[in-house]
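Next up, input.txt (compact mmCIF, C-alpha atoms):
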```
# COMPACT_ATOMS: atom_id res chain seq x y z
CA MET A 1 -10.47 16.09 188.26
CA GLY A 2 -10.16 12.43 189.22
CA SER A 3 -12.82 9.77 188.83
CA ASN A 4 -13.37 6.27 190.12
CA PRO A 5 -13.41 3.17 187.85
CA LYS A 6 -17.16 3.67 187.27
CA GLY A 7 -16.57 7.17 185.91
CA VAL A 8 -18.03 8.99 188.92
CA PRO A 9 -16.04 12.19 189.62
CA ILE A 10 -14.21 12.21 192.94
CA MET A 11 -14.63 15.12 195.31
CA PRO A 12 -11.94 17.62 194.16
CA ALA A 13 -10.52 18.13 197.65
CA LEU A 14 -10.07 14.37 198.06
CA VAL A 15 -8.13 13.74 194.84
CA PRO A 16 -4.74 15.21 195.94
CA GLN A 17 -5.08 13.54 199.35
CA LEU A 18 -5.45 10.11 197.71
CA GLU A 19 -2.58 10.84 195.33
CA TYR A 20 -0.35 11.78 198.26
CA LEU A 21 -1.33 8.61 200.14
CA ARG A 22 -0.54 6.36 197.18
CA ALA A 23 2.80 8.09 196.56
CA TYR A 24 4.14 8.26 200.11
CA CYS A 25 2.48 5.55 202.21
CA PRO A 26 5.30 3.53 203.83
CA VAL A 27 3.14 0.41 204.25
CA PRO A 28 1.10 -1.53 201.64
CA MET A 29 -2.19 0.27 202.25
CA ARG A 30 -4.80 -0.08 199.50
CA ILE A 31 -7.72 2.16 198.52
CA GLU A 32 -10.84 0.40 197.26
CA ASN A 33 -14.43 1.13 196.34
CA ILE A 34 -14.36 4.90 195.92
CA ARG A 35 -18.06 5.74 195.81
CA LYS A 36 -20.88 8.20 196.34
CA GLY A 37 -22.86 8.37 199.56
CA HIS A 38 -26.20 8.27 197.72
CA THR A 39 -27.51 8.13 194.17
CA ASN A 40 -28.04 11.87 193.76
CA ALA A 41 -24.66 12.90 195.16
CA VAL A 42 -22.52 14.96 192.79
CA TYR A 43 -19.17 13.49 193.82
CA ALA A 44 -17.73 10.27 195.19
CA ASP A 45 -16.70 11.25 198.71
CA ARG A 46 -15.99 8.00 200.51
CA PHE A 47 -13.85 4.91 200.09
CA THR A 48 -12.60 1.75 201.81
CA ALA A 49 -9.06 1.78 203.20
CA CYS A 50 -7.40 -1.64 203.45
CA ILE A 51 -5.08 -1.29 206.45
CA PRO A 52 -2.21 -3.79 206.81
CA CYS A 53 -2.35 -5.73 210.06
CA CYS A 54 -0.47 -8.90 210.89
CA ILE A 55 0.31 -9.43 207.16
CA ASP A 56 -3.44 -9.43 206.40
CA HIS A 57 -5.67 -6.35 206.00
CA VAL A 58 -8.58 -4.83 207.91
CA ARG A 59 -11.07 -2.66 206.05
CA TRP A 60 -12.18 0.75 207.28
CA ASP A 61 -14.64 3.05 205.57
CA VAL A 62 -13.44 6.65 205.27
CA VAL A 63 -16.38 9.01 204.82
CA TYR A 64 -16.15 12.66 203.72
CA ASN A 65 -18.98 15.11 203.07
CA TYR A 66 -18.67 16.55 199.57
CA GLN A 67 -20.94 19.44 200.55
CA ASN A 68 -18.44 20.41 203.28
CA PRO A 69 -15.06 19.31 201.89
CA GLU A 70 -13.11 21.23 204.55
CA LEU A 71 -14.38 18.94 207.31
CA PRO A 72 -12.27 15.96 208.42
CA PRO A 73 -13.51 12.49 207.46
CA ASP A 74 -15.26 9.98 209.68
CA VAL A 75 -13.49 6.62 209.91
CA VAL A 76 -15.86 3.66 210.36
CA PHE A 77 -14.26 0.49 211.71
CA GLY A 78 -15.47 -3.03 210.97
CA ALA A 79 -18.29 -4.71 212.89
CA GLU A 80 -15.78 -6.99 214.62
CA ASP A 81 -13.90 -3.94 216.00
CA GLN A 82 -16.70 -2.06 217.72
CA ASP A 83 -14.67 -2.03 220.93
CA PHE A 84 -11.78 -0.21 219.22
CA GLN A 85 -11.87 3.40 220.47
CA PRO A 86 -8.56 4.93 219.38
CA LEU A 87 -8.76 8.32 221.05
CA LEU A 88 -9.12 6.68 224.48
CA PHE A 89 -5.49 5.57 224.15
CA VAL A 90 -4.51 9.05 225.33
CA GLY A 91 -4.57 7.50 228.80
CA ASP A 92 -2.79 4.28 227.82
CA ASP A 93 0.21 3.10 229.82
CA ASN A 94 2.25 2.75 226.60
CA PRO A 95 4.01 6.02 225.61
CA ALA A 96 3.90 5.20 221.90
CA ALA A 97 0.14 4.61 222.07
CA GLN A 98 -0.33 7.87 223.96
CA ALA A 99 1.64 9.73 221.31
CA ALA A 100 -0.33 8.12 218.46
CA ALA A 101 -3.66 8.93 220.10
CA HIS A 102 -2.61 12.52 220.71
CA GLY A 103 -1.34 12.73 217.13
CA ALA A 104 -4.65 11.46 215.68
CA TRP A 105 -6.61 13.88 217.85
CA THR A 106 -4.40 16.80 216.80
CA ILE A 107 -4.74 15.95 213.10
CA LEU A 108 -8.53 15.92 213.39
CA ARG A 109 -8.64 19.09 215.50
CA ASP A 110 -6.43 21.07 213.12
CA TRP A 111 -7.75 19.49 209.92
CA THR A 112 -7.30 21.39 206.67
CA ALA A 113 -7.91 19.97 203.22
CA LYS A 114 -5.05 22.11 201.90
CA ASP A 115 -2.56 19.84 203.70
CA TYR A 116 -2.65 16.77 201.48
CA SER A 117 -0.63 14.68 203.96
CA ARG A 118 -3.23 14.70 206.72
CA LEU A 119 -5.31 11.77 205.46
CA LEU A 120 -2.26 9.50 205.31
CA ARG A 121 -0.98 10.70 208.68
CA LEU A 122 -4.39 10.09 210.27
CA LEU A 123 -4.66 6.54 208.92
CA LEU A 124 -1.10 5.70 209.99
CA GLU A 125 -1.76 6.94 213.54
CA LEU A 126 -5.00 4.93 213.67
CA ARG A 127 -3.19 1.86 212.36
CA SER A 128 -0.60 2.20 215.13
CA LEU A 129 -3.38 2.39 217.69
CA TYR A 130 -5.20 -0.57 216.15
CA LEU A 131 -2.08 -2.72 216.43
CA ARG A 132 -1.81 -1.70 220.08
CA HIS A 133 -5.51 -2.54 220.55
CA GLN A 134 -5.04 -6.03 219.08
CA ARG A 135 -1.94 -6.61 221.18
CA LYS A 136 -3.82 -5.79 224.39
CA ARG A 137 -6.62 -8.18 223.36
CA VAL A 138 -4.12 -10.99 222.84
CA GLU A 139 -2.28 -10.29 226.10
CA PHE A 140 -5.49 -10.70 228.11
CA ILE A 141 -6.34 -14.14 226.67
CA GLU A 142 -6.62 -16.95 229.18
CA ASP A 143 -4.66 -19.40 227.06
CA PRO A 144 -1.47 -20.86 228.57
CA ARG A 145 0.22 -21.55 225.23
CA VAL A 146 -0.35 -18.03 223.90
CA ARG A 147 0.72 -16.44 227.18
CA PHE A 148 3.91 -18.50 227.17
CA GLU A 149 4.77 -17.47 223.58
CA ILE A 150 4.07 -13.78 224.29
CA GLY A 151 6.37 -13.97 227.30
CA THR A 152 9.25 -15.12 225.09
CA ILE A 153 8.80 -12.95 221.97
CA SER A 154 7.04 -9.78 223.16
CA ALA A 155 10.25 -7.72 222.92
CA MET A 156 10.81 -8.55 219.22
CA GLU A 157 10.93 -5.35 217.17
CA GLY A 158 8.10 -5.05 214.66
CA LEU A 159 6.08 -7.90 216.16
CA GLU A 160 2.36 -7.73 215.35
CA MET A 161 -0.42 -9.86 216.80
CA ARG A 162 -4.13 -10.23 216.28
CA LEU A 163 -7.03 -12.09 217.88
CA PHE A 164 -9.77 -13.74 215.81
CA THR A 165 -12.99 -14.60 217.64
CA GLY A 166 -16.51 -15.41 216.50
CA GLY A 167 -17.68 -15.61 212.92
CA ASP A 168 -17.12 -18.67 210.76
CA ARG A 169 -13.50 -19.28 211.77
CA ALA A 170 -12.22 -20.92 214.94
CA GLU A 171 -10.82 -18.79 217.73
CA GLU A 172 -7.14 -18.21 217.07
CA VAL A 173 -4.26 -15.85 217.64
CA GLN A 174 -2.02 -14.74 214.81
CA PHE A 175 1.52 -13.40 215.09
CA ALA A 176 3.50 -11.67 212.35
CA ILE A 177 7.21 -11.89 213.10
CA PRO A 178 9.61 -9.86 210.89
CA LEU A 179 12.71 -11.88 210.03
CA GLU A 180 16.15 -10.31 209.96
CA VAL A 181 17.24 -11.03 206.39
CA ASP A 182 19.27 -8.51 204.35
CA LEU A 183 17.26 -7.70 201.21
CA SER A 184 19.41 -4.84 199.90
CA GLN A 185 20.76 -6.95 197.02
CA VAL A 186 17.24 -8.13 196.22
CA ALA A 187 16.08 -4.50 196.06
CA ARG A 188 18.90 -3.64 193.66
CA ARG A 189 18.13 -6.62 191.45
CA VAL A 190 14.41 -5.87 191.12
CA GLY A 191 15.22 -2.23 190.42
CA THR A 192 13.30 -0.80 193.33
CA SER A 193 14.05 1.05 196.53
CA SER A 194 14.29 -0.76 199.84
CA SER A 195 11.14 1.10 200.94
CA LYS A 196 9.15 -0.98 198.45
CA LEU A 197 10.29 -4.03 200.42
CA TRP A 198 9.18 -2.32 203.63
CA SER A 199 7.95 -5.47 205.33
CA GLY A 200 10.84 -7.69 204.28
CA ILE A 201 10.09 -11.34 204.93
CA SER A 202 7.76 -12.17 207.80
CA LEU A 203 6.70 -15.39 209.44
CA GLN A 204 2.97 -15.68 210.07
CA VAL A 205 2.19 -17.97 213.01
CA THR A 206 -1.35 -19.00 213.93
CA PHE A 207 -2.27 -20.72 217.19
CA ALA A 208 -5.71 -22.22 217.79
CA LEU A 209 -6.93 -21.11 221.21
CA GLN A 210 -7.04 -23.72 223.99
CA ARG A 211 -8.86 -21.85 226.71
CA GLY A 212 -8.73 -23.64 230.05
CA GLN A 213 -6.43 -26.39 228.80
CA SER A 214 -2.99 -27.10 230.18
CA PHE A 215 0.02 -26.18 228.07
CA THR A 216 1.59 -29.26 226.50
CA GLY A 217 3.41 -27.62 223.60
CA GLU A 218 2.84 -30.66 221.39
CA LYS A 219 0.55 -29.24 218.71
CA ALA A 220 2.40 -27.25 216.05
CA PRO A 221 0.97 -23.90 214.96
CA GLN A 222 0.20 -23.02 211.36
CA LEU A 223 3.29 -21.48 209.76
CA LYS A 224 3.60 -19.45 206.58
CA LEU A 225 6.18 -17.12 205.11
CA HIS A 226 5.17 -13.83 203.50
CA ALA A 227 7.20 -11.44 201.37
CA PRO A 228 6.51 -8.37 199.21
CA PRO A 229 5.38 -9.26 195.65
CA ALA A 230 8.33 -7.26 194.27
CA MET A 231 10.66 -10.00 195.54
CA ARG A 232 9.16 -12.83 193.52
CA GLU A 233 11.29 -12.28 190.43
CA VAL A 234 14.42 -12.93 192.52
CA PHE A 235 13.23 -15.04 195.42
CA ASP A 236 9.86 -16.71 195.97
CA VAL A 237 9.13 -17.63 199.59
CA ASP A 238 6.60 -20.20 198.37
CA ASP A 239 9.60 -22.31 197.33
CA VAL A 240 11.05 -22.27 200.86
CA LYS A 241 10.68 -25.42 202.92
CA LEU A 242 10.29 -24.40 206.55
CA PRO A 243 12.13 -26.29 209.29
CA THR A 244 10.11 -28.94 211.11
CA TRP A 245 8.39 -27.80 214.30
CA ALA A 246 9.55 -30.22 217.00
CA ASP A 247 7.47 -31.27 220.02
CA ARG A 248 7.48 -28.72 222.84
CA MET A 249 9.22 -26.18 220.65
CA CYS A 250 8.49 -22.47 221.10
CA LEU A 251 8.83 -19.52 218.76
CA MET A 252 11.96 -18.24 220.50
CA GLU A 253 13.66 -21.50 219.46
CA TYR A 254 12.05 -21.78 216.04
CA VAL A 255 12.54 -18.29 214.59
CA PRO A 256 16.39 -18.33 214.53
CA SER A 257 16.41 -21.58 212.54
CA VAL A 258 13.97 -20.06 210.03
CA GLN A 259 16.18 -16.97 209.70
CA ASP A 260 19.34 -19.02 209.11
CA ASN A 261 17.52 -21.09 206.48
CA LEU A 262 16.24 -17.98 204.73
CA LYS A 263 19.58 -16.21 204.69
CA ALA A 264 21.15 -19.19 202.92
CA GLN A 265 18.32 -19.37 200.37
CA VAL A 266 18.41 -15.63 199.67
CA ARG A 267 22.15 -15.93 199.02
CA ASP A 268 21.47 -18.82 196.64
CA ALA A 269 18.81 -16.78 194.85
CA ILE A 270 21.21 -13.86 194.34
CA ASN A 271 23.90 -16.25 193.10
CA SER A 272 21.34 -17.74 190.71
CA VAL A 273 21.15 -14.39 188.88
CA GLY A 274 24.83 -14.71 187.97
CA LEU A 275 24.40 -18.32 186.89
CA ARG A 276 21.45 -17.40 184.69
CA LYS A 277 23.55 -14.65 183.10
CA ASN A 278 26.29 -17.19 182.32
CA PHE A 279 23.75 -19.55 180.74
CA VAL A 280 22.20 -16.82 178.61
CA GLU A 281 25.65 -15.77 177.38
CA ALA A 282 26.42 -19.41 176.53
CA LEU A 283 23.37 -19.57 174.25
CA ALA A 284 24.80 -17.02 171.79
CA PRO A 285 27.66 -19.19 170.38
CA VAL A 286 25.19 -22.03 169.79
CA PHE A 287 21.98 -20.27 168.68
CA GLY A 288 23.20 -16.80 167.71
CA ARG A 289 22.46 -13.46 169.32
CA PRO A 290 19.10 -13.32 171.14
CA LEU A 291 16.23 -11.25 169.75
CA GLU A 292 15.05 -10.21 173.21
CA LEU A 293 16.81 -10.43 176.55
CA GLU A 294 15.83 -9.27 180.02
CA THR A 295 19.18 -8.09 181.38
CA ASN A 296 18.29 -7.30 184.99
CA LEU A 297 17.50 -10.74 186.38
CA PHE A 298 18.06 -12.82 183.22
CA ARG A 299 14.73 -14.57 183.65
CA ARG A 300 13.55 -14.30 180.01
CA VAL A 301 15.29 -14.59 176.65
CA THR A 302 14.00 -15.13 173.10
CA ILE A 303 16.05 -16.49 170.21
CA MET A 304 15.25 -17.22 166.54
CA VAL A 305 15.90 -20.63 165.00
CA THR A 306 15.75 -21.66 161.35
CA SER A 307 15.52 -25.21 160.03
CA GLY A 308 15.56 -25.15 156.25
CA LEU A 309 12.73 -22.78 155.31
CA PHE A 310 11.03 -23.13 158.69
CA CYS A 311 11.61 -20.23 161.06
CA PHE A 312 10.45 -20.12 164.68
CA LEU A 313 11.18 -18.48 168.02
CA ILE A 314 12.17 -20.10 171.29
CA HIS A 315 11.14 -18.33 174.48
CA PHE A 316 13.26 -19.28 177.50
CA SER A 317 11.83 -18.76 180.99
CA LEU A 318 14.51 -19.25 183.64
CA PRO A 319 13.27 -20.02 187.18
CA THR A 320 14.49 -18.33 190.34
CA GLN A 321 15.96 -21.67 191.43
CA PHE A 322 18.10 -22.06 188.32
CA PRO A 323 20.07 -24.25 187.76
CA LYS A 324 18.40 -26.67 190.20
CA GLN A 325 15.31 -26.19 188.07
CA GLN A 326 15.80 -26.07 184.32
CA PRO A 327 14.43 -23.39 181.97
CA THR A 328 10.99 -23.75 180.42
CA LEU A 329 11.08 -23.59 176.62
CA THR A 330 8.17 -22.53 174.41
CA PHE A 331 8.36 -22.65 170.60
CA GLN A 332 6.49 -20.04 168.55
CA SER A 333 6.16 -20.25 164.76
CA SER A 334 6.92 -17.17 162.66
CA GLN A 335 5.00 -18.61 159.69
CA HIS A 336 1.89 -20.32 161.09
CA PHE A 337 -1.12 -18.58 162.64
CA ASP A 338 -4.43 -19.72 164.08
CA ALA A 339 -7.89 -18.58 162.98
CA ARG A 340 -7.56 -15.41 165.09
CA GLY A 341 -4.23 -14.47 163.57
CA ARG A 342 -2.18 -15.47 166.59
CA PRO A 343 1.17 -17.28 166.14
CA ILE A 344 0.94 -21.01 166.82
CA THR A 345 2.92 -22.04 169.89
CA SER A 346 4.02 -25.32 171.39
CA ARG A 347 3.34 -26.70 174.81
CA PRO A 348 5.91 -25.68 177.44
CA TYR A 349 8.92 -28.01 177.37
CA ILE A 350 10.31 -28.80 180.82
CA GLU A 351 11.45 -32.40 180.28
CA TYR A 352 14.69 -32.55 178.36
CA PRO A 353 18.27 -33.56 179.26
CA TRP A 354 19.52 -31.39 182.09
CA SER A 355 21.86 -31.42 185.05
CA PRO A 356 22.60 -28.51 187.39
CA ARG A 357 26.17 -29.80 187.60
CA TRP A 358 26.91 -29.11 183.92
CA ASP A 359 28.78 -25.94 182.97
CA SER A 360 26.86 -23.28 181.07
CA GLY A 361 28.32 -24.19 177.71
CA HIS A 362 27.30 -27.83 178.05
CA MET A 363 23.80 -26.82 179.18
CA ALA A 364 23.38 -24.66 176.06
CA GLN A 365 24.69 -27.42 173.80
CA ARG A 366 22.25 -29.99 175.22
CA VAL A 367 19.36 -27.57 174.76
CA PHE A 368 20.44 -27.05 171.16
CA GLU A 369 20.46 -30.81 170.57
CA PHE A 370 16.98 -31.08 172.05
CA VAL A 371 15.73 -28.30 169.77
CA LEU A 372 17.15 -30.10 166.73
CA ASP A 373 15.23 -33.22 167.70
CA GLU A 374 11.97 -31.33 168.28
CA CYS A 375 11.89 -28.78 165.45
CA ASP A 376 10.50 -31.19 162.80
CA LYS A 377 7.79 -32.33 165.23
CA PHE A 378 6.87 -28.72 165.93
CA LYS A 379 6.76 -27.91 162.21
CA LYS A 380 4.37 -30.83 161.62
CA TYR A 381 2.25 -29.69 164.58
CA CYS A 382 2.01 -26.20 163.05
CA ASN A 383 1.10 -27.51 159.60
CA ASP A 384 -1.60 -29.77 161.07
CA ALA A 385 -3.01 -26.92 163.14
CA VAL A 386 -3.28 -24.67 160.05
CA GLN A 387 -5.09 -27.39 158.08
CA LEU A 388 -7.59 -27.95 160.88
CA ARG A 389 -8.53 -24.32 161.46
```

What's the structure tokens form of this structure?
Amino acid sequence: MGSNPKGVPIMPALVPQLEYLRAYCPVPMRIENIRKGHTNAVYADRFTACIPCCIDHVRWDVVYNYQNPELPPDVVFGAEDQDFQPLLFVGDDNPAAQAAAHGAWTILRDWTAKDYSRLLRLLLELRSLYLRHQRKRVEFIEDPRVRFEIGTISAMEGLEMRLFTGGDRAEEVQFAIPLEVDLSQVARRVGTSSSKLWSGISLQVTFALQRGQSFTGEKAPQLKLHAPPAMREVFDVDDVKLPTWADRMCLMEYVPSVQDNLKAQVRDAINSVGLRKNFVEALAPVFGRPLELETNLFRRVTIMVTSGLFCFLIHFSLPTQFPKQQPTLTFQSSQHFDARGRPITSRPYIEYPWSPRWDSGHMAQRVFEFVLDECDKFKKYCNDAVQLR
């Protein structure tokens, strides 16, 4: 029987449904706060589902009744979504929305706890309807800039949009635009399936609403790239410099330039894996065989160095933008320990002779020369640290 982090047993009928959801959900949905309905309840029978929407998440409470585990759950939407009534989409003019509404209704009507897939299927149908609900809200906004942008990008496949009104934040519309960038090589490098990179790279665009104002097109929206966390070991979108948004530019003009920029940088990131491999191989003739080596992306390597009787390790951390950015080196003594028994380590070294134009052998040789210059200083630092403890 499963239990939540607080040790409260989860309703037995719910456990396999949650396991199925976590194993087969095609989008990054999270389950949080599995809990009991009241203090005297025997089982935890409700939880919060974090539903992906426009790169962000909305939170819905999913409520079962542990005394009647065969009944379908109630889904409670957030206070800001009280006007979201998914089953009314049966009469929507969009065929996909009609199908999703009918699908959600059928799942609830024919609910059986023995079919572990039903919870996931229900939440996916409701998510589809919620995205349709948000799109209709955005399309009815009396904002000339937003209406113009929707008119140019509405046919983009996978486009999501969301309206924010009220609360502490200003009124704004958010778009999530999936970018057409081939990530198959990235998936192979991180050792995962392409389904784990389901969302690929998306551009999040936020427009502040200008109700009643004329469209000038001069004010740039907020722009941010998003990518699945699994990509970071190969390619970090935070390192990408987005093209400048020119006056009177629109998304239909801007998105292709972002895609071209990204494609080039993804290619560079994949090529960087090979360059890191060459550098790591060039370390062996100079330092000897490494003690530890990450052989998938070649981001981390550890070697042992001896200077007289002093023995220490060097941990190399190679960045995704290698060789434009040089490795970070950290020394770790094999003979000196602090008061808690932990090996004494140096500060990270990132300032030493380096040029991305050098060949791998020359890079390794210059690192070796730097280590020779620093090893006596590190030994003194270790001795002083032991005396002061």

**OP:** Determine, counting all atoms listed in the file, which protein, DNA and RNA residues have an atom within 9 Å of an atom of Pro178 in chain A; residues of the same chain fewer than 4 positions away are not included. Present the result as a list in words.
**Re:** Met156, Glu157, Gly158, Leu159, Glu160, Ser199, Gly200, Ile201, Ser202, Leu203 and Gln204 of chain A

Enumerate, in order of chain and increasing residue number, the residues of range 120-163 of chain A with an atom no farther than 12 Å from range 253-256 of chain A, each with its shortest atom pair and distance in Å to one decimal, counting all atoms listed in the file, as JSON lines.
```
{"residue": "A:Glu149", "atom": "CA", "partner": "A:Glu253", "partner_atom": "CA", "distance": 10.6}
{"residue": "A:Thr152", "atom": "CA", "partner": "A:Glu253", "partner_atom": "CA", "distance": 9.6}
{"residue": "A:Ile153", "atom": "CA", "partner": "A:Val255", "partner_atom": "CA", "distance": 9.8}
{"residue": "A:Met156", "atom": "CA", "partner": "A:Val255", "partner_atom": "CA", "distance": 10.9}
```

Original post:
What is the CA of Gly7 in chain A-CA of Lys36 in chain A distance in Å, reported with one decimal?
Top reply: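 If I compute the distance from CA of Gly7 in chain A to CA of Lys36 in chain A, I get 11.3 Å.
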
Excluding Arg118 in chain A and residues on its chain fewer than 5 positions from it, collect all residues at most 10 Å away from it, counting all atoms listed in the file, and give them as a CSV table (one decimal) with C-alpha atoms, in the coordinates of the input.
```
chain,number,residue,atom,x,y,z
A,17,GLN,CA,-5.1,13.5,199.4
A,20,TYR,CA,-0.4,11.8,198.3
A,21,LEU,CA,-1.3,8.6,200.1
A,72,PRO,CA,-12.3,16.0,208.4
A,104,ALA,CA,-4.6,11.5,215.7
A,107,ILE,CA,-4.7,16.0,213.1
A,108,LEU,CA,-8.5,15.9,213.4
A,110,ASP,CA,-6.4,21.1,213.1
A,111,TRP,CA,-7.8,19.5,209.9
A,112,THR,CA,-7.3,21.4,206.7
A,113,ALA,CA,-7.9,20.0,203.2
A,123,LEU,CA,-4.7,6.5,208.9
A,124,LEU,CA,-1.1,5.7,210.0
```

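The list of residues with at least one atom within 9 Å of range 39-42 of chain A, based on all atoms listed in the file and without residues fewer than 2 positions apart in the same chain, reads Val8, Pro9, Ile10, Met11, Lys36, Gly37, Ala44, Asp45 and Tyr66 of chain A.
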
**OP:** Would you mind telling me which residue in A:Leu293, A:Ala284, A:Leu131, A:Ala227 lies nearest to Leu179 in chain A when using all atoms listed in the file?
**Re:**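 Going through A:Leu293, A:Ala284, A:Leu131, A:Ala227 one by one, the smallest distance to Leu179 in chain A is for A:Ala227.
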
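Going from CA of Asp143 in chain A to CA of Ala176 in chain A covers 18.5 Å.
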
Original post:
Near Cys25 in chain A, counting all atoms listed in the file, which residues have an atom at most 12 Å away, once you skip same-chain residues fewer than 6 positions from it, shown as a ChimeraX atom specification?
Top reply: /A:17-19,31,51-52,117-124,195-196,198

Original post:
For Ser184 in chain A, which residue out of A:Val58, A:Ile270, A:Leu223, A:Ala101 is the nearest one, using all atoms listed in the file?
Top reply: A:Ile270

Subject >> For range 344-361 of chain A: contacts at 9 Å, all atoms listed in the file, fewer than 3 positions along chain excluded, given as JSON, numbers by chain >> reply: {"A": [275, 276, 278, 279, 280, 281, 282, 283, 285, 286, 322, 323, 324, 325, 326, 327, 328, 329, 330, 331, 332, 333, 334, 335, 336, 337, 338, 341, 364, 365, 366, 367, 370, 378, 381, 382, 385, 386]}

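Across A:Asp376, A:Glu142, A:Asp182, A:Asp61, the tightest approach to Phe77 in chain A is made by A:Asp61 when counting only C-alpha atoms.
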
**OP:** Just give me the gap between CA of Arg30 in chain A and CA of Arg59 in chain A in Å, one decimal is fine.
**Re:** 9.4 Å

**OP:** Select, from A:His133, A:Tyr116, A:Arg300, A:His362, the residue with the minimum atom-to-atom distance to Pro16 in chain A, counting all atoms listed in the file.
**Re:** A:Tyr116

Subject >> Which residue of A:Pro290, A:Ala99, A:Asn68, A:Leu129 approaches Gln85 in chain A most closely, using all atoms listed in the file >> reply: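 Among A:Pro290, A:Ala99, A:Asn68, A:Leu129, it is A:Leu129 that comes nearest to Gln85 in chain A.
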
**OP:** Using all atoms listed in the file, collect all residues at a distance of at most 10 Å from (1.5, -14.0, 225.4) as written in the file, then present them as a list in words.
**Re:**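 Within 10 Å of (1.5, -14.0, 225.4), the protein and nucleic acid residues are Arg135, Lys136, Val138, Glu139, Phe140, Ile141, Glu142, Asp143, Pro144, Arg145, Val146, Arg147, Phe148, Glu149, Ile150, Gly151, Thr152, Ile153, Ser154, Met161 and Val173 of chain A.
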
Keeping C-alpha atoms for every residue in the selection just given, could you write it to a file as a compact mmCIF listing (two decimals), in the frame of the given file?
```txt
# COMPACT_ATOMS: atom_id res chain seq x y z
CA ARG A 135 -1.94 -6.61 221.18
CA LYS A 136 -3.82 -5.79 224.39
CA VAL A 138 -4.12 -10.99 222.84
CA GLU A 139 -2.28 -10.29 226.10
CA PHE A 140 -5.49 -10.70 228.11
CA ILE A 141 -6.34 -14.14 226.67
CA GLU A 142 -6.62 -16.95 229.18
CA ASP A 143 -4.66 -19.40 227.06
CA PRO A 144 -1.47 -20.86 228.57
CA ARG A 145 0.22 -21.55 225.23
CA VAL A 146 -0.35 -18.03 223.90
CA ARG A 147 0.72 -16.44 227.18
CA PHE A 148 3.91 -18.50 227.17
CA GLU A 149 4.77 -17.47 223.58
CA ILE A 150 4.07 -13.78 224.29
CA GLY A 151 6.37 -13.97 227.30
CA THR A 152 9.25 -15.12 225.09
CA ILE A 153 8.80 -12.95 221.97
CA SER A 154 7.04 -9.78 223.16
CA MET A 161 -0.42 -9.86 216.80
CA VAL A 173 -4.26 -15.85 217.64
```

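For the residues A:His57, A:Arg132, A:Arg46, A:Arg389, ranking by smallest atom-to-atom distance to Pro86 in chain A using only C-alpha atoms places A:Arg132 first.
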
Take every atom of range 289-304 of chain A listed in the file, pad by 6 Å on each side, and give me the axis-aligned box centre and edge lengths in Å, one decimal, as JSON.
```
{"center_x": 18.0, "center_y": -12.3, "center_z": 176.5, "size_x": 20.9, "size_y": 21.9, "size_z": 31.8}
```
